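Asker: Got final11.cif for you, mmCIF, C-alpha atoms:
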data_input
#
loop_
_atom_site.label_atom_id
_atom_site.label_comp_id
_atom_site.auth_asym_id
_atom_site.auth_seq_id
_atom_site.Cartn_x
_atom_site.Cartn_y
_atom_site.Cartn_z
CA MET A 143 0.17 23.22 -3.79
CA PRO A 144 -1.42 24.25 -7.11
CA GLU A 145 -2.83 27.68 -7.63
CA PRO A 146 -6.57 27.92 -6.98
CA THR A 147 -7.28 29.35 -10.43
CA SER A 148 -5.72 26.45 -12.33
CA SER A 149 -7.48 23.80 -10.25
CA GLY A 150 -10.75 25.73 -10.54
CA VAL A 151 -10.49 25.80 -14.32
CA ALA A 152 -9.74 22.07 -14.42
CA GLY A 153 -12.72 21.37 -12.16
CA ALA A 154 -15.02 23.46 -14.35
CA ALA A 155 -13.82 21.63 -17.47
CA ALA A 156 -14.43 18.23 -15.85
CA PHE A 157 -17.89 19.32 -14.69
CA LYS A 158 -18.75 20.52 -18.21
CA ALA A 159 -17.53 17.23 -19.74
CA ALA A 160 -19.60 15.18 -17.29
CA GLY A 161 -22.70 17.25 -18.07
CA GLY A 162 -22.17 16.75 -21.79
CA ALA A 163 -21.81 13.00 -21.30
CA ALA A 164 -25.02 12.87 -19.25
CA ALA A 165 -26.97 14.83 -21.85
CA GLY A 166 -25.59 12.65 -24.64
CA GLY A 167 -26.57 9.48 -22.79
CA ALA A 168 -30.07 10.79 -22.14
CA LEU A 169 -30.48 11.74 -25.79
CA LEU A 170 -29.23 8.36 -27.01
CA SER A 171 -31.56 6.44 -24.71
CA ALA A 172 -34.49 8.62 -25.79
CA ILE A 173 -33.79 7.93 -29.46
CA VAL A 174 -33.51 4.17 -28.85
CA VAL A 175 -36.85 4.10 -27.02
CA MET A 176 -38.49 6.20 -29.72
CA LEU A 177 -37.24 3.83 -32.44
CA MET A 178 -38.62 0.82 -30.57
CA THR A 179 -42.10 2.35 -30.26
CA PRO A 180 -42.70 4.67 -33.22
CA PRO A 181 -45.08 7.58 -32.53
CA ARG A 182 -48.16 8.36 -34.58
CA SER A 183 -47.03 11.83 -35.68
CA MET A 184 -43.91 13.98 -35.85
CA ARG A 185 -45.31 16.26 -33.14
CA GLU A 186 -45.81 13.31 -30.78
CA TRP A 187 -42.22 12.19 -31.52
CA ALA A 188 -40.84 15.65 -30.66
CA VAL A 189 -42.81 15.86 -27.42
CA GLY A 190 -41.69 12.38 -26.39
CA LEU A 191 -38.05 13.12 -27.18
CA ILE A 192 -38.03 16.41 -25.28
CA SER A 193 -39.78 14.98 -22.22
CA THR A 194 -37.50 11.93 -22.13
CA VAL A 195 -34.32 14.01 -22.30
CA VAL A 196 -35.51 16.51 -19.69
CA THR A 197 -36.58 13.72 -17.33
CA GLY A 198 -33.27 11.90 -17.82
CA ILE A 199 -31.21 14.97 -16.98
CA GLY A 200 -33.49 16.00 -14.09
CA GLY A 201 -33.46 12.47 -12.64
CA GLY A 202 -29.67 12.50 -12.65
CA ALA A 203 -29.61 15.81 -10.83
CA ILE A 204 -32.02 14.48 -8.20
CA ALA A 205 -29.83 11.39 -7.68
CA VAL A 206 -26.72 13.56 -7.24
CA GLN A 207 -28.48 15.71 -4.63
CA TYR A 208 -30.05 12.74 -2.79
CA PHE A 209 -26.86 10.68 -2.50
CA HIS A 210 -24.64 13.75 -1.85
CA LEU A 211 -22.35 12.90 -4.79
CA GLN A 212 -21.25 16.48 -5.35
CA GLU A 213 -18.31 17.80 -3.31
#
Represent the supplied structure as structure tokens.
Answerer:
Amino acid sequence: MPEPTSSGVAGAAAFKAAGGAAAGGALLSAIVVMLMTPPRSMREWAVGLISTVVTGIGGGAIAVQYFHLQE
């Protein structure tokens, strides 16, 4: 049986990697959508990018909670 500290560290590293992958995917999809429909100004582009990324990450968190995927 492994020590709890080593398995805890491995679990934390995996959780951090999964979060980074989710954020990267949300950012990539936001950039693709923004390139397909160019905004009128740089400010509008920034607002659209931020809201898309935040919604993408928040939607993933809601799905994890709803389907009980954590544990």
Asker: Could you please determine the separation between CA of Val206 in chain A and CA of Met176 in chain A in Å, to one decimal place?
Answerer: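 For CA of Val206 in chain A relative to CA of Met176 in chain A, the distance reads 26.4 Å.
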Asker: Considering all atoms listed in the file, state which residue in the set A:Gly166, A:Ala203, A:His210, A:Ala172 is at the smallest distance from Val189 in chain A.
Answerer: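 Under the stated criterion, the closest residue is A:Ala172.
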Asker: What is the distance between CA of Val195 in chain A and CA of Ser171 in chain A, in Å to one decimal?
Answerer: 8.4 Å
Asker: Can you sort out range 190-210 of chain A so it carries N, CA and C atoms, written as an mmCIF file, in the coordinates of the input?
Answerer:
data_model
loop_
_atom_site.group_PDB
_atom_site.id
_atom_site.type_symbol
_atom_site.label_atom_id
_atom_site.label_comp_id
_atom_site.auth_asym_id
_atom_site.auth_seq_id
_atom_site.Cartn_x
_atom_site.Cartn_y
_atom_site.Cartn_z
ATOM 1 N N GLY A 190 -42.262 13.516 -27.108
ATOM 2 C CA GLY A 190 -41.690 12.380 -26.390
ATOM 3 C C GLY A 190 -40.187 12.502 -26.216
ATOM 4 N N LEU A 191 -39.501 12.959 -27.255
ATOM 5 C CA LEU A 191 -38.050 13.120 -27.180
ATOM 6 C C LEU A 191 -37.668 14.184 -26.158
ATOM 7 N N ILE A 192 -38.334 15.322 -26.212
ATOM 8 C CA ILE A 192 -38.030 16.410 -25.280
ATOM 9 C C ILE A 192 -38.304 15.988 -23.838
ATOM 10 N N SER A 193 -39.447 15.366 -23.597
ATOM 11 C CA SER A 193 -39.780 14.980 -22.220
ATOM 12 C C SER A 193 -38.843 13.893 -21.700
ATOM 13 N N THR A 194 -38.417 12.980 -22.565
ATOM 14 C CA THR A 194 -37.500 11.930 -22.130
ATOM 15 C C THR A 194 -36.141 12.506 -21.762
ATOM 16 N N VAL A 195 -35.628 13.413 -22.571
ATOM 17 C CA VAL A 195 -34.320 14.010 -22.300
ATOM 18 C C VAL A 195 -34.366 14.854 -21.025
ATOM 19 N N VAL A 196 -35.399 15.663 -20.877
ATOM 20 C CA VAL A 196 -35.510 16.510 -19.690
ATOM 21 C C VAL A 196 -35.640 15.665 -18.426
ATOM 22 N N THR A 197 -36.433 14.597 -18.492
ATOM 23 C CA THR A 197 -36.580 13.720 -17.330
ATOM 24 C C THR A 197 -35.275 12.995 -17.020
ATOM 25 N N GLY A 198 -34.550 12.571 -18.040
ATOM 26 C CA GLY A 198 -33.270 11.900 -17.820
ATOM 27 C C GLY A 198 -32.261 12.796 -17.144
ATOM 28 N N ILE A 199 -32.165 14.025 -17.585
ATOM 29 C CA ILE A 199 -31.210 14.970 -16.980
ATOM 30 C C ILE A 199 -31.671 15.357 -15.574
ATOM 31 N N GLY A 200 -32.962 15.623 -15.414
ATOM 32 C CA GLY A 200 -33.490 16.000 -14.090
ATOM 33 C C GLY A 200 -33.371 14.864 -13.091
ATOM 34 N N GLY A 201 -33.594 13.620 -13.544
ATOM 35 C CA GLY A 201 -33.460 12.470 -12.640
ATOM 36 C C GLY A 201 -32.036 12.298 -12.163
ATOM 37 N N GLY A 202 -31.074 12.564 -13.048
ATOM 38 C CA GLY A 202 -29.670 12.500 -12.650
ATOM 39 C C GLY A 202 -29.328 13.545 -11.612
ATOM 40 N N ALA A 203 -29.863 14.740 -11.790
ATOM 41 C CA ALA A 203 -29.610 15.810 -10.830
ATOM 42 C C ALA A 203 -30.214 15.476 -9.463
ATOM 43 N N ILE A 204 -31.384 14.877 -9.465
ATOM 44 C CA ILE A 204 -32.020 14.480 -8.200
ATOM 45 C C ILE A 204 -31.175 13.409 -7.503
ATOM 46 N N ALA A 205 -30.657 12.450 -8.273
ATOM 47 C CA ALA A 205 -29.830 11.390 -7.680
ATOM 48 C C ALA A 205 -28.550 11.977 -7.079
ATOM 49 N N VAL A 206 -27.935 12.936 -7.761
ATOM 50 C CA VAL A 206 -26.720 13.560 -7.240
ATOM 51 C C VAL A 206 -27.020 14.280 -5.925
ATOM 52 N N GLN A 207 -28.115 14.998 -5.858
ATOM 53 C CA GLN A 207 -28.480 15.710 -4.630
ATOM 54 C C GLN A 207 -28.824 14.724 -3.509
ATOM 55 N N TYR A 208 -29.582 13.687 -3.822
ATOM 56 C CA TYR A 208 -30.050 12.740 -2.790
ATOM 57 C C TYR A 208 -28.902 11.961 -2.170
ATOM 58 N N PHE A 209 -27.965 11.484 -3.001
ATOM 59 C CA PHE A 209 -26.860 10.680 -2.500
ATOM 60 C C PHE A 209 -25.623 11.515 -2.139
ATOM 61 N N HIS A 210 -25.736 12.824 -2.209
ATOM 62 C CA HIS A 210 -24.640 13.750 -1.850
ATOM 63 C C HIS A 210 -23.369 13.415 -2.638
#
